[in-house]
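> Structure file run09.pdb (PDB, C-alpha atoms) right here:
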ATOM      1  CA  MET X   1      -1.975  78.471 -13.350
ATOM      2  CA  PHE X   2       0.870  80.904 -12.750
ATOM      3  CA  TYR X   3       0.609  83.867 -10.434
ATOM      4  CA  PRO X   4       3.108  85.432  -8.037
ATOM      5  CA  LYS X   5       2.476  84.408  -4.458
ATOM      6  CA  ARG X   6       4.769  87.196  -3.249
ATOM      7  CA  VAL X   7       4.277  90.451  -5.143
ATOM      8  CA  PRO X   8       7.598  92.197  -5.916
ATOM      9  CA  LYS X   9       8.021  95.651  -4.451
ATOM     10  CA  PHE X  10       8.511  97.377  -7.796
ATOM     11  CA  VAL X  11       4.789  96.853  -8.454
ATOM     12  CA  ASP X  12       4.075  99.392  -5.691
ATOM     13  CA  ARG X  13       5.782 102.034  -7.820
ATOM     14  CA  LEU X  14       3.980 101.016 -11.006
ATOM     15  CA  PHE X  15       0.537 101.379  -9.391
ATOM     16  CA  PRO X  16       0.896 103.740  -6.426
ATOM     17  CA  GLN X  17      -2.884 104.279  -6.380
ATOM     18  CA  CYS X  18      -3.192 100.814  -4.834
ATOM     19  CA  LEU X  19      -2.252  99.708  -1.345
ATOM     20  CA  TRP X  20       0.052  96.697  -1.679
ATOM     21  CA  ARG X  21       1.702  96.528   1.743
ATOM     22  CA  LYS X  22       2.190  98.585   4.907
ATOM     23  CA  SER X  23       5.417  99.936   6.348
ATOM     24  CA  ASP X  24       5.161  98.681   9.945
ATOM     25  CA  ASN X  25       5.845  95.346  11.631
ATOM     26  CA  ALA X  26       2.222  94.162  11.818
ATOM     27  CA  LEU X  27       0.545  91.624   9.571
ATOM     28  CA  TYR X  28      -2.703  92.483   7.817
ATOM     29  CA  LEU X  29      -4.944  89.457   7.317
ATOM     30  CA  THR X  30      -7.637  89.860   4.671
ATOM     31  CA  PHE X  31     -10.431  87.542   3.578
ATOM     32  CA  ASP X  32     -12.153  87.893   0.212
ATOM     33  CA  ASP X  33     -15.650  86.761  -0.831
ATOM     34  CA  SER X  34     -17.377  87.140   2.542
ATOM     35  CA  PRO X  35     -19.830  86.473   4.008
ATOM     36  CA  SER X  36     -20.338  82.742   3.638
ATOM     37  CA  PRO X  37     -21.758  79.845   5.668
ATOM     38  CA  ASP X  38     -18.287  79.474   7.237
ATOM     39  CA  THR X  39     -17.732  83.104   8.225
ATOM     40  CA  LEU X  40     -18.591  82.403  11.857
ATOM     41  CA  TRP X  41     -15.867  79.749  12.041
ATOM     42  CA  LEU X  42     -13.334  82.276  10.771
ATOM     43  CA  LEU X  43     -14.521  84.843  13.284
ATOM     44  CA  ASP X  44     -14.215  82.321  16.114
ATOM     45  CA  ILE X  45     -10.668  81.245  15.246
ATOM     46  CA  LEU X  46      -9.550  84.864  14.850
ATOM     47  CA  GLU X  47     -11.093  85.755  18.210
ATOM     48  CA  LYS X  48      -9.382  82.796  19.870
ATOM     49  CA  HIS X  49      -6.002  84.219  18.887
ATOM     50  CA  ASN X  50      -6.832  87.916  19.435
ATOM     51  CA  ALA X  51      -6.469  88.610  15.719
ATOM     52  CA  LYS X  52      -8.344  91.229  13.741
ATOM     53  CA  ALA X  53      -8.769  91.115   9.982
ATOM     54  CA  THR X  54     -10.320  92.913   7.042
ATOM     55  CA  PHE X  55     -13.153  91.140   5.224
ATOM     56  CA  PHE X  56     -13.914  92.143   1.640
ATOM     57  CA  LEU X  57     -17.624  91.536   1.125
ATOM     58  CA  ILE X  58     -19.525  90.668  -2.046
ATOM     59  CA  GLY X  59     -22.861  92.451  -2.286
ATOM     60  CA  GLN X  60     -24.832  89.361  -3.295
ATOM     61  CA  HIS X  61     -23.349  87.486  -0.336
ATOM     62  CA  ILE X  62     -24.363  90.248   2.068
ATOM     63  CA  GLU X  63     -27.921  89.789   0.839
ATOM     64  CA  ARG X  64     -27.708  86.003   1.303
ATOM     65  CA  PHE X  65     -26.041  86.053   4.735
ATOM     66  CA  PRO X  66     -26.893  89.417   6.343
ATOM     67  CA  ASP X  67     -26.478  88.121   9.902
ATOM     68  CA  HIS X  68     -22.948  86.918   9.169
ATOM     69  CA  ALA X  69     -22.071  90.274   7.637
ATOM     70  CA  GLU X  70     -23.324  92.029  10.765
ATOM     71  CA  GLU X  71     -21.327  89.649  12.954
ATOM     72  CA  ILE X  72     -18.082  90.605  11.199
ATOM     73  CA  VAL X  73     -18.677  94.203  12.206
ATOM     74  CA  LYS X  74     -19.869  93.377  15.729
ATOM     75  CA  ARG X  75     -16.640  91.511  16.435
ATOM     76  CA  GLY X  76     -14.522  94.513  15.548
ATOM     77  CA  HIS X  77     -13.188  93.552  12.152
ATOM     78  CA  HIS X  78     -12.972  95.941   9.221
ATOM     79  CA  ILE X  79     -14.911  95.495   6.014
ATOM     80  CA  GLY X  80     -14.396  96.483   2.405
ATOM     81  CA  ASN X  81     -16.129  96.329  -0.954
ATOM     82  CA  HIS X  82     -15.468  93.320  -3.227
ATOM     83  CA  SER X  83     -18.074  94.259  -5.894
ATOM     84  CA  TYR X  84     -21.669  93.124  -6.059
ATOM     85  CA  SER X  85     -21.353  89.926  -8.128
ATOM     86  CA  HIS X  86     -17.595  89.200  -8.172
ATOM     87  CA  THR X  87     -17.468  89.980 -11.846
ATOM     88  CA  ARG X  88     -14.486  90.207 -14.187
ATOM     89  CA  ASN X  89     -16.367  92.838 -16.203
ATOM     90  CA  LEU X  90     -14.564  96.195 -15.917
ATOM     91  CA  HIS X  91     -16.759  98.039 -18.426
ATOM     92  CA  ALA X  92     -17.002 101.427 -16.740
ATOM     93  CA  PRO X  93     -20.799 101.897 -16.283
ATOM     94  CA  PHE X  94     -21.258  98.301 -15.170
ATOM     95  CA  PHE X  95     -18.269  98.398 -12.816
ATOM     96  CA  ARG X  96     -19.424 101.657 -11.242
ATOM     97  CA  ASP X  97     -22.864 100.173 -10.608
ATOM     98  CA  GLU X  98     -21.327  97.055  -9.025
ATOM     99  CA  VAL X  99     -19.297  99.198  -6.639
ATOM    100  CA  ILE X 100     -22.110 101.574  -5.712
ATOM    101  CA  LYS X 101     -24.653  98.803  -5.054
ATOM    102  CA  THR X 102     -22.269  97.153  -2.622
ATOM    103  CA  GLU X 103     -21.340 100.456  -0.984
ATOM    104  CA  ARG X 104     -25.014 100.962  -0.172
ATOM    105  CA  LEU X 105     -25.174  97.545   1.473
ATOM    106  CA  LEU X 106     -21.960  98.173   3.419
ATOM    107  CA  SER X 107     -23.229 101.508   4.675
ATOM    108  CA  GLN X 108     -25.999  99.642   6.489
ATOM    109  CA  LEU X 109     -23.322  97.817   8.504
ATOM    110  CA  HIS X 110     -22.126 101.089  10.058
ATOM    111  CA  ARG X 111     -18.675 100.786   8.559
ATOM    112  CA  GLU X 112     -18.019 104.498   9.078
ATOM    113  CA  ASN X 113     -17.647 103.881  12.804
ATOM    114  CA  LEU X 114     -14.949 101.269  12.325
ATOM    115  CA  GLN X 115     -12.292 102.539   9.960
ATOM    116  CA  GLN X 116     -10.649 105.652   8.602
ATOM    117  CA  GLN X 117     -11.051 104.906   4.916
ATOM    118  CA  SER X 118     -13.317 103.042   2.540
ATOM    119  CA  LEU X 119     -11.645 100.043   0.926
ATOM    120  CA  PHE X 120     -12.133  98.124  -2.312
ATOM    121  CA  ARG X 121     -10.540  94.931  -3.578
ATOM    122  CA  PHE X 122     -10.852  93.981  -7.232
ATOM    123  CA  PRO X 123     -12.293  90.520  -7.924
ATOM    124  CA  TYR X 124      -9.477  88.290  -9.184
ATOM    125  CA  GLY X 125      -7.115  91.244  -8.660
ATOM    126  CA  LYS X 126      -8.008  92.494 -12.150
ATOM    127  CA  PHE X 127      -8.158  96.244 -12.805
ATOM    128  CA  ASN X 128      -7.576  98.864 -15.484
ATOM    129  CA  PHE X 129      -7.065 102.613 -15.454
ATOM    130  CA  ALA X 130     -10.774 103.320 -15.906
ATOM    131  CA  SER X 131     -11.682 101.256 -12.840
ATOM    132  CA  LEU X 132      -8.959 102.973 -10.801
ATOM    133  CA  ARG X 133     -10.377 106.331 -11.851
ATOM    134  CA  ILE X 134     -13.882 105.313 -10.788
ATOM    135  CA  LEU X 135     -12.642 104.274  -7.342
ATOM    136  CA  ALA X 136     -10.852 107.610  -6.957
ATOM    137  CA  GLU X 137     -14.065 109.448  -7.847
ATOM    138  CA  LEU X 138     -15.916 107.392  -5.217
ATOM    139  CA  ASN X 139     -13.189 107.971  -2.581
ATOM    140  CA  LEU X 140     -12.404 104.277  -2.330
ATOM    141  CA  THR X 141      -8.882 102.986  -1.715
ATOM    142  CA  PRO X 142      -7.981  99.992  -3.921
ATOM    143  CA  VAL X 143      -6.321  97.336  -1.766
ATOM    144  CA  MET X 144      -4.159  94.681  -3.367
ATOM    145  CA  TRP X 145      -1.747  92.424  -1.450
ATOM    146  CA  SER X 146       1.880  91.482  -0.972
ATOM    147  CA  LEU X 147       1.324  87.821  -0.057
ATOM    148  CA  LEU X 148      -1.167  85.476  -1.745
ATOM    149  CA  THR X 149      -1.789  82.227   0.123
ATOM    150  CA  ALA X 150      -3.359  80.523  -2.924
ATOM    151  CA  ASP X 151      -5.840  78.811  -0.609
ATOM    152  CA  PHE X 152      -8.338  78.752  -3.505
ATOM    153  CA  ASP X 153      -6.061  76.703  -5.779
ATOM    154  CA  VAL X 154      -6.784  72.953  -5.738
ATOM    155  CA  SER X 155      -3.204  72.254  -6.837
ATOM    156  CA  VAL X 156      -1.799  74.009  -3.738
ATOM    157  CA  SER X 157      -1.530  71.826  -0.634
ATOM    158  CA  GLU X 158      -2.399  72.746   2.937
ATOM    159  CA  LYS X 159       1.309  72.507   3.739
ATOM    160  CA  SER X 160       2.100  75.056   1.036
ATOM    161  CA  VAL X 161      -0.530  77.466   2.380
ATOM    162  CA  LEU X 162       0.932  77.069   5.869
ATOM    163  CA  ASN X 163       4.468  77.671   4.608
ATOM    164  CA  LEU X 164       3.356  80.770   2.730
ATOM    165  CA  LEU X 165       1.796  82.167   5.899
ATOM    166  CA  ARG X 166       4.957  81.362   7.852
ATOM    167  CA  SER X 167       6.959  83.329   5.266
ATOM    168  CA  ALA X 168       5.104  86.553   6.072
ATOM    169  CA  THR X 169       7.141  89.617   6.965
ATOM    170  CA  GLY X 170       6.167  92.839   8.693
ATOM    171  CA  GLY X 171       3.780  95.003   6.703
ATOM    172  CA  ASP X 172       2.466  92.178   4.543
ATOM    173  CA  ILE X 173      -1.131  92.341   3.371
ATOM    174  CA  ILE X 174      -2.150  88.680   3.169
ATOM    175  CA  VAL X 175      -5.011  87.322   1.053
ATOM    176  CA  MET X 176      -7.177  84.401   2.105
ATOM    177  CA  HIS X 177     -10.710  83.506   1.070
ATOM    178  CA  ASP X 178     -13.977  83.001   2.900
ATOM    179  CA  ASN X 179     -15.467  80.583   0.407
ATOM    180  CA  GLU X 180     -16.171  76.923  -0.257
ATOM    181  CA  LYS X 181     -12.957  76.350  -2.222
ATOM    182  CA  SER X 182     -10.705  77.583   0.556
ATOM    183  CA  ILE X 183     -12.337  76.851   3.875
ATOM    184  CA  SER X 184     -11.214  73.221   4.277
ATOM    185  CA  LYS X 185      -7.573  74.291   3.912
ATOM    186  CA  LEU X 186      -8.038  77.196   6.292
ATOM    187  CA  LYS X 187      -9.651  74.958   8.898
ATOM    188  CA  SER X 188      -6.465  72.888   8.898
ATOM    189  CA  VAL X 189      -3.965  75.735   8.534
ATOM    190  CA  LEU X 190      -5.207  78.647  10.639
ATOM    191  CA  PRO X 191      -5.244  76.852  14.022
ATOM    192  CA  ILE X 192      -1.526  76.210  13.465
ATOM    193  CA  ALA X 193      -0.544  79.440  11.725
ATOM    194  CA  LEU X 194      -2.347  82.046  13.811
ATOM    195  CA  PRO X 195      -0.630  81.342  17.161
ATOM    196  CA  GLN X 196       2.738  81.173  15.415
ATOM    197  CA  LEU X 197       2.207  84.472  13.616
ATOM    198  CA  ALA X 198       0.836  86.126  16.756
ATOM    199  CA  GLU X 199       4.078  85.336  18.584
ATOM    200  CA  CYS X 200       5.999  87.595  16.188
ATOM    201  CA  PHE X 201       3.500  90.133  14.859
ATOM    202  CA  SER X 202       0.402  92.101  15.726
ATOM    203  CA  LEU X 203      -2.448  90.809  13.554
ATOM    204  CA  LYS X 204      -4.354  93.932  12.578
ATOM    205  CA  PRO X 205      -7.093  95.086  10.215
ATOM    206  CA  LEU X 206      -6.356  97.658   7.522
TER     207      LEU X 206
END
Take the structure in this file and express it as structure tokens.

Amino acid sequence: MFYPKRVPKFVDRLFPQCLWRKSDNALYLTFDDSPSPDTLWLLDILEKHNAKATFFLIGQHIERFPDHAEEIVKRGHHIGNHSYSHTRNLHAPFFRDEVIKTERLLSQLHRENLQQQSLFRFPYGKFNFASLRILAELNLTPVMWSLLTADFDVSVSEKSVLNLLRSATGGDIIVMHDNEKSISKLKSVLPIALPQLAECFSLKPL
């Protein structure tokens, strides 16, 4: 499959409603699809290297792993909405319901005490103008990314994921995944990448 691993900057101007990158010299690590059975491993490796991240949570996964969702918050990471069922369906009434159901679950994690704004990431990065309008009505900031590690792609090697992380530049919003497809790569890559990145950048949540 083809997809850009580094998003060109002109996209920021095409869709200014979305947050694609930041303007400082920090790196912004994000993990989609949380929580999962491996969330605690991610939290431990981040803590080992004094890194904070933003976890985009799926509502159904919060219901399956509530203790792991709580642990993300307890360890000082930020959280965002990644829909209720990780659907591709952007039909307006359905999409709105997906967002609101997950917002209710997130509110129980006391997110308001942790971050300035409420964040949403579209499943698969797919959106349309109607879904952007719904997020604006709900006061949610759509977060995209500038660097995609492709950790979910079976055709992408661990070495490629590591090299993509090493290519990060200040202000990058980096996507990784807290799921079964990605975790084996991350368990090999993050112990190498995190200390290297931390030497050059602050690793911050959004």
> What residues come out when you apply the PyMOL selection byres ((chain X and resi 19-36) around 6) to this file, written as an NGL selection string?
:X and (18 or 37-39 or 53-58 or 61 or 69 or 143-146 or 170-178 or 201-205)
> For region 119-124 of chain X, work out the shell of residues within 9 Å, counting all atoms listed in the file and skipping chain neighbours fewer than 6 positions away, then give it as a ChimeraX atom specification.
/X:32-33,56,79-83,86-88,99,135,139-144,206
> When you draw a straight line from CA of Thr149 (chain X) to CA of His77 (chain X), how long is it in Å?
20.1 Å
> At what distance in Å, to one decimal, does CA of His78 (chain X) lie from CA of Ile192 (chain X)?
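Calculated distance between CA of Ile192 (chain X) and CA of His78 (chain X) is 23.2 Å.
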> Interatomic distance between CA of Ser182 (chain X) and CA of Ala168 (chain X)?
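Those two atoms sit 19.0 Å apart.
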> List, as a list in words, every residue that the PyMOL selection byres ((chain X and resi 105) around 10) selects in the file provided.
Leu57, Ile58, Gly59, Gln60, Ile62, Glu63, Pro66, Asn81, Tyr84, Ile100, Lys101, Thr102, Glu103, Arg104, Leu106, Ser107, Gln108, Leu109 and His110 of chain X
> Print the selection's residues with C-alpha atoms to a file, as a short mmCIF file (atom, residue, chain, number, x, y, z; two decimals), keeping the file's coordinate frame.

data_model
loop_
_atom_site.label_atom_id
_atom_site.label_comp_id
_atom_site.auth_asym_id
_atom_site.auth_seq_id
_atom_site.Cartn_x
_atom_site.Cartn_y
_atom_site.Cartn_z
CA LEU X 57 -17.62 91.54 1.12
CA ILE X 58 -19.52 90.67 -2.05
CA GLY X 59 -22.86 92.45 -2.29
CA GLN X 60 -24.83 89.36 -3.30
CA ILE X 62 -24.36 90.25 2.07
CA GLU X 63 -27.92 89.79 0.84
CA PRO X 66 -26.89 89.42 6.34
CA ASN X 81 -16.13 96.33 -0.95
CA TYR X 84 -21.67 93.12 -6.06
CA ILE X 100 -22.11 101.57 -5.71
CA LYS X 101 -24.65 98.80 -5.05
CA THR X 102 -22.27 97.15 -2.62
CA GLU X 103 -21.34 100.46 -0.98
CA ARG X 104 -25.01 100.96 -0.17
CA LEU X 106 -21.96 98.17 3.42
CA SER X 107 -23.23 101.51 4.68
CA GLN X 108 -26.00 99.64 6.49
CA LEU X 109 -23.32 97.82 8.50
CA HIS X 110 -22.13 101.09 10.06
#
> Might you spell out which residues the PyMOL selection byres ((chain X and resi 7) around 8) would select in the displayed file, as number ranges by chain?
X: 4-6, 8-9, 11, 145-147
> Show which residues sit within 12 Å of Ser188 (chain X), as a ChimeraX atom specification. Count all atoms listed in the file, and ignore same-chain residues fewer than 5 positions away.
/X:42,45,151,157-162,182-183,193-194
